[in-house]
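Text of the file upload-v6.txt, holding compact mmCIF, C-alpha atoms:
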```
# COMPACT_ATOMS: atom_id res chain seq x y z
CA MET A 537 0.00 0.00 0.00
CA PHE A 538 0.99 3.65 0.31
CA ASP A 539 3.94 4.82 2.37
CA ARG A 540 3.31 7.41 5.02
CA ILE A 541 5.12 10.03 2.93
CA GLN A 542 2.86 9.26 -0.01
CA ILE A 543 -0.25 9.74 2.10
CA VAL A 544 1.11 13.02 3.50
CA SER A 545 1.99 14.40 0.07
CA ILE A 546 -1.32 13.29 -1.45
CA ALA A 547 -3.16 14.97 1.42
CA GLY A 548 -1.04 18.12 1.09
CA SER A 549 -1.60 18.32 -2.66
CA ALA A 550 -5.32 17.71 -2.21
CA LEU A 551 -5.46 20.49 0.38
CA ILE A 552 -3.80 22.92 -2.04
CA MET A 553 -6.30 22.00 -4.74
CA ILE A 554 -9.23 22.41 -2.35
CA ILE A 555 -7.93 25.87 -1.36
CA ILE A 556 -7.59 26.85 -5.03
CA VAL A 557 -11.09 25.64 -5.89
CA GLU A 558 -12.47 27.44 -2.85
CA LEU A 559 -10.72 30.71 -3.85
CA VAL A 560 -12.19 30.41 -7.33
CA ARG A 561 -15.64 29.66 -5.86
CA LEU A 562 -15.43 32.78 -3.69
CA ARG A 563 -14.34 34.79 -6.74
CA ARG A 564 -11.03 35.67 -5.11
CA LEU A 565 -9.04 33.96 -7.84
CA ARG A 566 -9.76 34.08 -11.54
CA VAL A 567 -10.32 30.77 -13.27
CA GLU A 568 -7.49 31.44 -15.74
CA TYR A 569 -4.98 31.92 -12.92
CA SER A 570 -6.23 28.83 -11.09
CA ILE A 571 -5.40 26.54 -14.01
CA LEU A 572 -1.64 26.64 -13.31
CA TRP A 573 -2.14 25.81 -9.65
CA LEU A 574 -4.58 22.99 -10.33
CA LEU A 575 -2.19 21.51 -12.88
CA ALA A 576 0.65 21.68 -10.36
CA GLY A 577 -1.52 20.05 -7.71
CA ALA A 578 -2.56 17.29 -10.11
CA CYS A 579 1.09 16.63 -11.01
CA LEU A 580 2.02 16.37 -7.33
CA ILE A 581 -0.77 13.90 -6.64
CA ALA A 582 0.15 11.84 -9.70
CA LEU A 583 3.81 11.72 -8.64
CA SER A 584 2.83 10.81 -5.09
CA ILE A 585 0.77 7.85 -6.25
CA PHE A 586 3.09 6.59 -8.97
CA ARG A 587 6.50 6.72 -7.36
CA GLU A 588 8.03 5.12 -10.44
CA GLY A 589 6.98 8.25 -12.28
CA LEU A 590 9.18 10.31 -9.98
CA ASP A 591 12.12 7.94 -10.53
CA LEU A 592 11.50 8.07 -14.28
CA PHE A 593 11.41 11.88 -14.20
CA GLY A 594 14.63 11.89 -12.16
CA SER A 595 16.43 9.65 -14.61
CA ILE A 596 15.19 11.70 -17.58
CA VAL A 597 16.58 14.96 -16.20
CA GLY A 598 19.67 13.17 -14.86
CA VAL A 599 18.94 13.61 -11.15
CA HIS A 600 19.66 10.35 -9.33
CA TYR A 601 18.14 11.34 -6.01
CA ALA A 602 14.42 11.42 -6.86
CA PRO A 603 13.31 13.92 -4.17
CA ALA A 604 15.81 16.41 -5.62
CA ALA A 605 13.98 16.07 -8.92
CA ILE A 606 10.79 17.14 -7.16
CA PHE A 607 12.54 20.24 -5.78
CA LEU A 608 13.87 21.01 -9.25
CA ALA A 609 10.40 20.72 -10.75
CA ALA A 610 8.93 22.90 -7.99
CA LEU A 611 11.63 25.52 -8.56
CA VAL A 612 11.04 25.60 -12.31
CA PHE A 613 7.31 25.89 -11.70
CA GLY A 614 7.87 28.75 -9.24
CA VAL A 615 10.08 30.65 -11.68
CA LEU A 616 7.63 30.21 -14.56
CA LEU A 617 4.80 31.36 -12.33
CA SER A 618 6.79 34.49 -11.37
CA VAL A 619 7.40 35.29 -15.02
CA HIS A 620 3.72 34.82 -15.72
CA LEU A 621 2.81 37.12 -12.82
CA THR A 622 5.15 39.87 -14.00
CA THR A 623 3.49 39.78 -17.42
CA VAL A 624 0.14 40.14 -15.67
CA ILE A 625 1.49 43.07 -13.65
CA THR A 626 2.87 44.71 -16.79
CA LYS A 627 -0.53 44.50 -18.43
CA LEU A 628 -2.21 45.86 -15.31
CA ALA A 629 0.26 48.74 -15.03
CA ASP A 630 -0.21 49.72 -18.69
CA GLN A 631 -3.98 49.58 -18.33
CA ASN A 632 -3.78 51.60 -15.11
CA VAL A 633 -1.89 54.38 -16.85
CA ARG A 634 -4.39 54.41 -19.73
CA LEU A 635 -7.28 54.59 -17.28
CA ALA A 636 -5.77 57.42 -15.24
CA GLN A 637 -5.08 59.33 -18.48
CA ARG A 638 -8.66 58.79 -19.63
CA ILE A 639 -9.95 60.10 -16.32
CA ALA A 640 -7.78 63.20 -16.65
CA LEU A 641 -8.96 63.75 -20.24
CA LEU A 642 -12.61 63.30 -19.22
CA GLU A 643 -12.20 65.64 -16.26
CA ALA A 644 -10.80 68.29 -18.57
CA ARG A 645 -13.82 67.78 -20.81
CA ILE A 646 -16.26 68.08 -17.90
CA GLU A 647 -14.54 71.31 -16.89
CA GLY A 648 -15.42 72.72 -20.30
CA ASP A 649 -12.46 71.87 -22.52
CA ALA A 650 -14.44 70.09 -25.20
CA PRO A 651 -12.52 68.50 -28.04
CA ILE A 652 -13.11 70.02 -31.44
CA ASP A 653 -12.71 66.82 -33.44
CA THR A 654 -14.12 64.06 -31.29
CA PRO A 655 -12.61 60.89 -32.84
CA ALA A 656 -9.35 60.16 -31.04
CA ALA A 657 -7.26 59.18 -34.01
CA GLY A 658 -9.49 61.15 -36.32
CA ASP A 659 -7.48 61.17 -39.51
CA MET B 312 -8.45 72.95 -37.64
CA GLY B 313 -5.82 73.28 -40.31
CA GLU B 314 -8.36 73.86 -43.09
CA GLU B 315 -7.55 75.79 -46.26
CA GLY B 316 -6.53 79.36 -45.68
CA GLN B 317 -6.36 78.93 -41.94
CA ARG B 318 -3.23 79.16 -39.84
CA PRO B 319 -1.96 75.81 -38.60
CA SER B 320 -2.52 75.14 -34.93
CA VAL B 321 0.15 74.10 -32.48
CA LEU B 322 -0.23 72.88 -28.94
CA ALA B 323 2.60 73.46 -26.47
CA VAL B 324 2.48 70.63 -23.92
CA ILE B 325 4.25 71.58 -20.71
CA LEU B 326 4.90 68.70 -18.30
CA ALA B 327 4.96 69.67 -14.66
CA LYS B 328 5.07 68.05 -11.26
CA ASP B 329 5.35 70.20 -8.15
CA GLU B 330 6.52 73.29 -10.03
CA GLU B 331 4.25 75.92 -8.45
CA ASP B 332 7.09 78.43 -8.18
CA ARG B 333 8.21 78.14 -11.80
CA ILE B 334 5.19 77.11 -13.84
CA GLY B 335 3.69 80.62 -14.10
CA ASP B 336 6.87 82.00 -15.68
CA VAL B 337 7.23 79.00 -17.96
CA VAL B 338 3.65 79.35 -19.23
CA ALA B 339 4.09 83.10 -19.72
CA GLU B 340 7.33 82.54 -21.67
CA VAL B 341 5.68 79.97 -23.95
CA LEU B 342 2.64 82.17 -24.52
CA GLY B 343 5.07 84.94 -25.43
CA ALA B 344 6.67 82.70 -28.05
CA ALA B 345 3.35 82.64 -29.91
CA ARG B 346 4.15 86.10 -31.26
CA ASP B 347 6.94 84.98 -33.56
CA LEU B 348 5.14 81.89 -34.80
CA GLU B 349 3.11 81.78 -38.00
CA ALA B 350 0.89 79.17 -36.41
CA ARG B 351 -1.67 79.57 -33.65
CA LEU B 352 -0.19 78.42 -30.36
CA ASP B 353 -2.20 77.11 -27.43
CA VAL B 354 -0.64 76.08 -24.14
CA LEU B 355 -1.58 72.99 -22.16
CA VAL B 356 0.00 72.10 -18.85
CA VAL B 357 -0.08 68.42 -17.92
CA ASP B 358 0.06 68.31 -14.14
CA ASP B 359 1.40 64.86 -13.34
CA GLY B 360 -0.04 64.41 -9.87
CA SER B 361 1.40 67.50 -8.18
CA THR B 362 0.82 67.89 -4.47
CA ASP B 363 1.25 71.68 -4.60
CA ARG B 364 -0.62 74.40 -6.47
CA THR B 365 0.95 73.78 -9.90
CA SER B 366 -2.44 73.44 -11.63
CA GLU B 367 -3.81 76.66 -10.14
CA ARG B 368 -0.67 78.65 -10.96
CA ALA B 369 -0.69 77.32 -14.54
CA ARG B 370 -4.34 78.31 -15.01
CA GLU B 371 -3.70 81.78 -13.60
CA ALA B 372 -0.89 82.20 -16.11
CA GLY B 373 -3.31 81.47 -18.96
CA ALA B 374 -2.68 77.81 -19.72
CA ARG B 375 -5.24 75.10 -20.04
CA VAL B 376 -4.60 72.36 -17.53
CA ILE B 377 -5.10 68.63 -17.46
CA ARG B 378 -4.35 66.89 -14.22
CA HIS B 379 -3.37 63.30 -13.45
CA CYS B 380 -4.85 62.28 -10.10
CA VAL B 381 -1.73 60.18 -9.45
CA ASN B 382 1.84 60.53 -10.67
CA LEU B 383 2.13 58.54 -13.90
CA ARG B 384 5.71 59.53 -14.77
CA ILE B 385 6.98 61.67 -17.60
CA GLY B 386 6.26 59.38 -20.54
CA ALA B 387 2.60 59.05 -19.63
CA ALA B 388 2.33 62.81 -18.99
CA GLU B 389 3.68 63.52 -22.45
CA GLN B 390 1.31 60.93 -23.89
CA THR B 391 -1.71 62.52 -22.18
CA GLY B 392 -0.82 65.89 -23.70
CA ILE B 393 -0.35 64.30 -27.11
CA ILE B 394 -3.72 62.51 -26.93
CA TRP B 395 -5.31 65.82 -25.93
CA ALA B 396 -3.75 67.44 -29.01
CA LEU B 397 -4.83 64.57 -31.28
CA GLU B 398 -8.42 64.72 -30.07
CA ARG B 399 -8.56 68.43 -30.75
CA GLY B 400 -7.06 68.22 -34.21
CA TYR B 401 -3.84 70.17 -33.65
CA ASP B 402 -1.44 70.07 -36.58
CA ALA B 403 1.60 69.88 -34.32
CA ALA B 404 2.49 69.55 -30.67
CA VAL B 405 5.67 70.62 -28.94
CA ARG B 406 6.64 69.28 -25.55
CA LEU B 407 8.52 71.27 -22.92
CA ASP B 408 9.44 70.52 -19.33
CA GLY B 409 7.78 72.59 -16.62
CA ASP B 410 11.01 73.42 -14.82
CA GLY B 411 11.98 75.98 -17.44
CA GLN B 412 15.00 74.13 -18.86
CA HIS B 413 13.54 74.35 -22.37
CA PRO B 414 13.62 78.00 -23.52
CA ALA B 415 10.55 78.98 -25.56
CA ALA B 416 12.87 80.34 -28.25
CA GLY B 417 13.31 76.73 -29.40
CA ILE B 418 9.61 76.26 -30.13
CA GLY B 419 9.70 78.11 -33.45
CA PRO B 420 12.55 76.09 -35.03
CA LEU B 421 11.10 72.79 -33.80
CA VAL B 422 7.57 73.52 -34.98
CA ARG B 423 8.79 74.79 -38.35
CA GLU B 424 10.67 71.51 -38.89
CA ILE B 425 7.26 69.80 -38.55
CA LEU B 426 4.97 72.22 -40.38
CA GLU B 427 7.33 73.32 -43.15
CA GLY B 428 10.09 70.70 -43.09
CA GLY B 429 7.65 67.80 -43.16
CA ALA B 430 9.24 65.90 -40.25
CA ASP B 431 7.03 63.66 -38.12
CA ILE B 432 9.14 64.20 -35.01
CA ALA B 433 11.64 67.02 -34.44
CA MET B 434 14.10 66.55 -31.59
CA GLY B 435 15.74 69.56 -30.00
CA SER B 436 19.48 68.88 -29.81
CA ARG B 437 21.85 70.72 -27.52
CA PHE B 438 24.78 69.53 -29.62
CA LEU B 439 23.80 70.99 -32.99
CA PRO B 440 24.22 74.70 -33.80
CA PRO B 441 22.92 77.07 -32.56
CA GLY B 442 22.69 74.87 -29.45
CA GLU B 443 25.37 75.60 -26.92
CA GLY B 444 26.34 72.11 -25.85
CA TYR B 445 25.43 70.92 -22.44
CA THR B 446 26.70 72.38 -19.22
CA SER B 447 26.41 69.36 -16.99
CA THR B 448 28.68 66.91 -15.27
CA PRO B 449 31.21 65.00 -17.42
CA ALA B 450 29.59 61.74 -16.30
CA ARG B 451 26.21 62.78 -17.63
CA ARG B 452 27.72 63.99 -20.90
CA ALA B 453 29.52 60.69 -21.27
CA GLY B 454 26.23 58.87 -20.65
CA ILE B 455 24.49 60.91 -23.31
CA ALA B 456 27.34 60.32 -25.77
CA LEU B 457 27.11 56.59 -25.16
CA LEU B 458 23.35 56.58 -25.71
CA ALA B 459 23.78 58.74 -28.79
CA LEU B 460 26.13 56.13 -30.26
CA LEU B 461 23.73 53.30 -29.45
CA VAL B 462 20.64 55.09 -30.75
CA SER B 463 22.47 56.28 -33.87
CA THR B 464 23.53 52.71 -34.62
CA LEU B 465 20.06 51.26 -34.12
CA ALA B 466 18.27 54.11 -35.90
CA GLY B 467 20.70 53.94 -38.80
CA ARG B 468 21.32 57.66 -38.74
CA ARG B 469 23.20 60.16 -36.61
CA VAL B 470 21.35 61.24 -33.47
CA THR B 471 23.31 63.69 -31.34
CA ASP B 472 20.98 64.18 -28.37
CA PRO B 473 18.70 61.17 -27.91
CA THR B 474 17.67 62.05 -24.35
CA SER B 475 16.29 65.45 -25.27
CA GLY B 476 12.74 65.97 -24.03
CA PHE B 477 12.37 69.21 -25.99
CA ARG B 478 10.68 67.88 -29.09
CA ALA B 479 7.83 68.47 -31.50
CA PHE B 480 5.41 66.10 -33.20
CA GLY B 481 3.33 66.17 -36.35
CA ARG B 482 0.08 64.18 -36.59
CA ARG B 483 1.87 60.90 -37.37
CA GLY B 484 4.39 61.47 -34.61
CA MET B 485 1.53 62.14 -32.20
CA ARG B 486 -0.25 58.96 -33.26
CA LEU B 487 2.92 56.95 -32.64
CA VAL B 488 3.31 58.32 -29.12
CA ALA B 489 -0.39 57.77 -28.39
CA ALA B 490 -0.30 54.19 -29.65
CA LEU B 491 2.69 52.86 -27.69
CA PRO B 492 2.56 52.08 -23.97
CA ALA B 493 4.07 55.01 -22.06
CA SER B 494 7.66 54.54 -20.95
CA ASP B 495 9.44 55.96 -17.90
CA TYR B 496 12.13 57.73 -19.91
CA PRO B 497 10.57 57.78 -23.37
CA GLU B 498 12.92 59.90 -25.45
CA PRO B 499 15.58 57.56 -26.89
CA GLU B 500 13.00 54.79 -27.39
CA THR B 501 10.76 57.07 -29.41
CA VAL B 502 13.55 57.71 -31.92
CA ILE B 503 13.91 53.98 -32.63
CA ASP B 504 10.18 53.28 -32.59
CA ALA B 505 9.63 56.16 -34.99
CA ARG B 506 12.30 55.00 -37.41
CA ARG B 507 10.92 51.46 -37.35
CA ALA B 508 7.42 52.78 -38.01
CA GLY B 509 8.81 54.64 -41.01
CA LEU B 510 8.43 58.11 -39.53
CA GLY B 511 10.73 60.99 -40.30
CA VAL B 512 12.79 62.05 -37.29
CA ARG B 513 15.02 65.14 -37.50
CA GLU B 514 17.15 67.00 -35.04
CA VAL B 515 17.11 70.76 -34.63
CA GLY B 516 19.74 72.71 -32.72
CA VAL B 517 18.31 74.35 -29.60
CA SER B 518 19.70 75.71 -26.37
CA PHE B 519 18.76 74.41 -22.96
CA ARG B 520 18.77 76.35 -19.73
CA ALA B 521 20.18 75.17 -16.44
CA ARG B 522 17.40 74.17 -14.09
CA ALA B 523 16.29 77.06 -11.93
CA SER B 524 14.33 74.98 -9.46
CA GLY B 525 12.94 71.54 -8.94
CA HIS B 526 15.02 68.47 -9.42
CA SER B 527 16.01 66.43 -12.42
CA SER B 528 13.92 63.34 -12.80
CA ILE B 529 17.31 61.62 -12.81
CA GLY B 530 19.26 62.09 -9.58
CA PRO B 531 22.89 60.98 -9.32
CA LEU B 532 21.90 57.76 -7.57
CA ARG B 533 19.43 56.85 -10.28
CA ALA B 534 21.88 57.60 -13.10
CA LEU B 535 23.14 54.04 -13.25
CA TYR B 536 19.65 52.60 -13.24
CA TYR B 537 18.71 55.15 -15.90
CA MET B 538 21.57 54.12 -18.15
CA ALA B 539 20.84 50.41 -17.75
CA LYS B 540 17.11 50.85 -18.27
CA ILE B 541 17.52 53.10 -21.31
CA THR B 542 20.13 50.86 -22.88
CA LEU B 543 17.89 47.84 -22.48
CA ALA B 544 14.81 49.76 -23.61
CA VAL B 545 16.59 50.99 -26.73
CA LEU B 546 17.86 47.51 -27.58
CA VAL B 547 14.37 46.08 -27.04
CA ALA B 548 12.86 48.85 -29.15
CA GLY B 549 15.08 47.62 -31.97
CA ILE B 550 13.59 44.12 -31.96
CA ARG B 551 10.10 44.75 -30.60
CA ARG B 552 6.97 44.43 -32.68
CA ALA B 553 6.70 47.69 -34.64
CA VAL B 554 3.48 49.72 -34.77
CA ASN B 555 1.75 51.20 -37.78
CA VAL B 556 0.51 54.74 -37.55
```
Before we go any further, please render this structure as structure tokens.
Amino acid sequence: MFDRIQIVSIAGSALIMIIIVELVRLRRLRVEYSILWLLAGACLIALSIFREGLDLFGSIVGVHYAPAAIFLAALVFGVLLSVHLTTVITKLADQNVRLAQRIALLEARIEGDAPIDTPAAGD
Amino acid sequence: MGEEGQRPSVLAVILAKDEEDRIGDVVAEVLGAARDLEARLDVLVVDDGSTDRTSERAREAGARVIRHCVNLRIGAAEQTGIIWALERGYDAAVRLDGDGQHPAAGIGPLVREILEGGADIAMGSRFLPPGEGYTSTPARRAGIALLALLVSTLAGRRVTDPTSGFRAFGRRGMRLVAALPASDYPEPETVIDARRAGLGVREVGVSFRARASGHSSIGPLRALYYMAKITLAVLVAGIRRAVNV
């Protein structure tokens, strides 16, 4: 049957997935951002159940100590997630600037500075 | 605007943050420059989230004012002014800094390069005659020279003063600035983006003034970051997806 460590890691992974699903249910996490986490959780559960999978993964990437392969995978996942998050932040920052500019332009209009040609890129 | 038989219209976009002591004089000087311009000149101050009375002082001096509720940095402030000019059909826009370092005497030559010379963007250069060079620290001059070399190489033509913020835009130049995401230090990037979009960029010799008040957006401690960021931004601008305007 399962080793204790397998049971612990399956339980831990399941807990993470439950938290993610709950955050999505409460609308505190967007579905598109939950996909990465759910995939990671599913991978962890799969590797916990099929220990040969972990050994196979270790031998593929040339890591002979299987748990180190897990750390490597977790690290790669963390880095990719950070890159993804910075692209999200970049988009948010650009949109923020555009919004603040629009507000300023609309305020000027409300204060009586009406544009003469309305279309923004009108030629 | 700009119909047959009518004078072309130019918008002076003055960027200001916390310049309540200087902005009145700057606006007055720019309004005064309207006299020796064949075009009609309006003045807009973009107040980039000032915490003092910059907006009020600018209005009192006769400028129109648009105010960012938070500080969006210089590139976004310039962009807001440009969008304002686009929406109101101005034939050209000229950007100046609100600390008075850009003398209004340079407006005429820059605007003429757009309206008569047919350039899409005219950059004011301190290193072309009748500009008087740059009276700053050797380190800063070396930095500018380095950037000039890099920008010249990437733009495929000689650019003497790529960091100059004293610059004028025609309609196409304005559309380019409005279309791209605003950058922290936009000037050298714009040159590359403009060349890649097929726009005509020219340099015009102008003089700068030493800052009377306020502080450079680039303090000595930020100089290194500035150089690294600009260098990277310029290199990226050379390989980034180009825009059509």
Tell me which of B:Leu532, B:Ala372, B:Ala539, B:Ala433 sits closest to B:Glu498, counting all atoms listed in the file.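 Closest to B:Glu498, using all atoms listed in the file: B:Ala433.
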Please put the answer as lines of an AutoDock Vina configuration file: centre and edge lengths, in Å with one decimal, of a box along x, y and z that encloses all listed atoms of stretch 493-499 of chain B plus 5 Å on each side.
```
center_x = 9.8
center_y = 57.2
center_z = -22.4
size_x = 21.5
size_y = 15.4
size_z = 19.0
```
Per residue of chain B within 6 Å of chain A, which atom pair is closest and at what distance in Å (one decimal), using only C-alpha atoms, listed by chain and increasing number, as CSV?
```
residue,atom,partner,partner_atom,distance
B:Ile377,CA,A:Ala644,CA,5.8
B:Arg378,CA,A:Ala640,CA,5.6
B:His379,CA,A:Ala640,CA,5.4
B:Thr391,CA,A:Gln637,CA,5.9
B:Glu398,CA,A:Ala656,CA,4.8
B:Arg399,CA,A:Pro651,CA,4.8
B:Gly400,CA,A:Asp653,CA,5.9
```
Residues around (7.2, 17.8, -4.1), cut-off 12 Å, counting all atoms listed in the file - what are they as JSON, numbers by chain? {"A": [541, 542, 544, 545, 546, 548, 549, 576, 577, 578, 579, 580, 581, 582, 583, 584, 587, 590, 602, 603, 604, 605, 606, 607, 608, 609, 610, 611, 612, 613]}
Between atom CA of B:Arg520 and atom CA of B:Ala396, distance in Å (one decimal):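 Computing it gives 25.9 Å between the two atoms.
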In Å, how far is it from atom CA of B:Pro531 to atom CA of B:Thr464?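 Separation of atom CA of B:Pro531 and atom CA of B:Thr464: 26.6 Å.
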For the atom pair atom CA of B:Gly454 and atom CA of B:Glu500, what is the interatomic distance in Å to one decimal place?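 For atom CA of B:Gly454 relative to atom CA of B:Glu500, the distance reads 15.4 Å.
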Would you mind completing stretch 608-631 of chain A to N, CA and C atoms and writing the output as a PDB file, in the coordinates of the input?
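And here's part_9.pdb as it stands now:
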```pdb
ATOM      1  N   LEU A 608      13.542  20.359  -7.973  1.00  0.00           N
ATOM      2  CA  LEU A 608      13.870  21.010  -9.250  1.00  0.00           C
ATOM      3  C   LEU A 608      12.586  21.400  -9.978  1.00  0.00           C
ATOM      4  N   ALA A 609      11.650  20.449 -10.051  1.00  0.00           N
ATOM      5  CA  ALA A 609      10.400  20.720 -10.750  1.00  0.00           C
ATOM      6  C   ALA A 609       9.639  21.864 -10.080  1.00  0.00           C
ATOM      7  N   ALA A 610       9.640  21.846  -8.726  1.00  0.00           N
ATOM      8  CA  ALA A 610       8.930  22.900  -7.990  1.00  0.00           C
ATOM      9  C   ALA A 610       9.568  24.255  -8.263  1.00  0.00           C
ATOM     10  N   LEU A 611      10.903  24.268  -8.318  1.00  0.00           N
ATOM     11  CA  LEU A 611      11.630  25.520  -8.560  1.00  0.00           C
ATOM     12  C   LEU A 611      11.303  26.068  -9.944  1.00  0.00           C
ATOM     13  N   VAL A 612      11.343  25.182 -10.936  1.00  0.00           N
ATOM     14  CA  VAL A 612      11.040  25.600 -12.310  1.00  0.00           C
ATOM     15  C   VAL A 612       9.607  26.144 -12.376  1.00  0.00           C
ATOM     16  N   PHE A 613       8.701  25.431 -11.719  1.00  0.00           N
ATOM     17  CA  PHE A 613       7.310  25.890 -11.700  1.00  0.00           C
ATOM     18  C   PHE A 613       7.208  27.278 -11.071  1.00  0.00           C
ATOM     19  N   GLY A 614       7.914  27.459  -9.928  1.00  0.00           N
ATOM     20  CA  GLY A 614       7.870  28.750  -9.240  1.00  0.00           C
ATOM     21  C   GLY A 614       8.400  29.877 -10.107  1.00  0.00           C
ATOM     22  N   VAL A 615       9.493  29.624 -10.815  1.00  0.00           N
ATOM     23  CA  VAL A 615      10.080  30.650 -11.680  1.00  0.00           C
ATOM     24  C   VAL A 615       9.122  31.000 -12.817  1.00  0.00           C
ATOM     25  N   LEU A 616       8.566  29.958 -13.451  1.00  0.00           N
ATOM     26  CA  LEU A 616       7.630  30.210 -14.560  1.00  0.00           C
ATOM     27  C   LEU A 616       6.420  31.002 -14.078  1.00  0.00           C
ATOM     28  N   LEU A 617       5.958  30.643 -12.874  1.00  0.00           N
ATOM     29  CA  LEU A 617       4.800  31.360 -12.330  1.00  0.00           C
ATOM     30  C   LEU A 617       5.145  32.829 -12.099  1.00  0.00           C
ATOM     31  N   SER A 618       6.368  33.105 -11.599  1.00  0.00           N
ATOM     32  CA  SER A 618       6.790  34.490 -11.370  1.00  0.00           C
ATOM     33  C   SER A 618       6.828  35.260 -12.688  1.00  0.00           C
ATOM     34  N   VAL A 619       7.354  34.629 -13.715  1.00  0.00           N
ATOM     35  CA  VAL A 619       7.400  35.290 -15.020  1.00  0.00           C
ATOM     36  C   VAL A 619       5.991  35.607 -15.492  1.00  0.00           C
ATOM     37  N   HIS A 620       5.113  34.615 -15.327  1.00  0.00           N
ATOM     38  CA  HIS A 620       3.720  34.820 -15.720  1.00  0.00           C
ATOM     39  C   HIS A 620       3.119  36.001 -14.950  1.00  0.00           C
ATOM     40  N   LEU A 621       3.380  36.050 -13.636  1.00  0.00           N
ATOM     41  CA  LEU A 621       2.810  37.120 -12.820  1.00  0.00           C
ATOM     42  C   LEU A 621       3.337  38.485 -13.230  1.00  0.00           C
ATOM     43  N   THR A 622       4.636  38.565 -13.595  1.00  0.00           N
ATOM     44  CA  THR A 622       5.150  39.870 -14.000  1.00  0.00           C
ATOM     45  C   THR A 622       4.536  40.320 -15.324  1.00  0.00           C
ATOM     46  N   THR A 623       4.182  39.359 -16.196  1.00  0.00           N
ATOM     47  CA  THR A 623       3.490  39.780 -17.420  1.00  0.00           C
ATOM     48  C   THR A 623       2.098  40.296 -17.090  1.00  0.00           C
ATOM     49  N   VAL A 624       1.466  39.667 -16.100  1.00  0.00           N
ATOM     50  CA  VAL A 624       0.140  40.140 -15.670  1.00  0.00           C
ATOM     51  C   VAL A 624       0.258  41.543 -15.096  1.00  0.00           C
ATOM     52  N   ILE A 625       1.296  41.763 -14.265  1.00  0.00           N
ATOM     53  CA  ILE A 625       1.490  43.070 -13.650  1.00  0.00           C
ATOM     54  C   ILE A 625       1.770  44.127 -14.710  1.00  0.00           C
ATOM     55  N   THR A 626       2.574  43.765 -15.715  1.00  0.00           N
ATOM     56  CA  THR A 626       2.870  44.710 -16.790  1.00  0.00           C
ATOM     57  C   THR A 626       1.592  45.157 -17.474  1.00  0.00           C
ATOM     58  N   LYS A 627       0.728  44.181 -17.770  1.00  0.00           N
ATOM     59  CA  LYS A 627      -0.530  44.500 -18.430  1.00  0.00           C
ATOM     60  C   LYS A 627      -1.375  45.408 -17.538  1.00  0.00           C
ATOM     61  N   LEU A 628      -1.440  45.056 -16.255  1.00  0.00           N
ATOM     62  CA  LEU A 628      -2.210  45.860 -15.310  1.00  0.00           C
ATOM     63  C   LEU A 628      -1.680  47.282 -15.222  1.00  0.00           C
ATOM     64  N   ALA A 629      -0.344  47.419 -15.151  1.00  0.00           N
ATOM     65  CA  ALA A 629       0.260  48.740 -15.030  1.00  0.00           C
ATOM     66  C   ALA A 629      -0.049  49.583 -16.260  1.00  0.00           C
ATOM     67  N   ASP A 630       0.085  48.984 -17.460  1.00  0.00           N
ATOM     68  CA  ASP A 630      -0.210  49.720 -18.690  1.00  0.00           C
ATOM     69  C   ASP A 630      -1.672  50.159 -18.725  1.00  0.00           C
ATOM     70  N   GLN A 631      -2.564  49.239 -18.325  1.00  0.00           N
ATOM     71  CA  GLN A 631      -3.980  49.580 -18.330  1.00  0.00           C
ATOM     72  C   GLN A 631      -4.289  50.668 -17.304  1.00  0.00           C
TER      73      GLN A 631
END
```
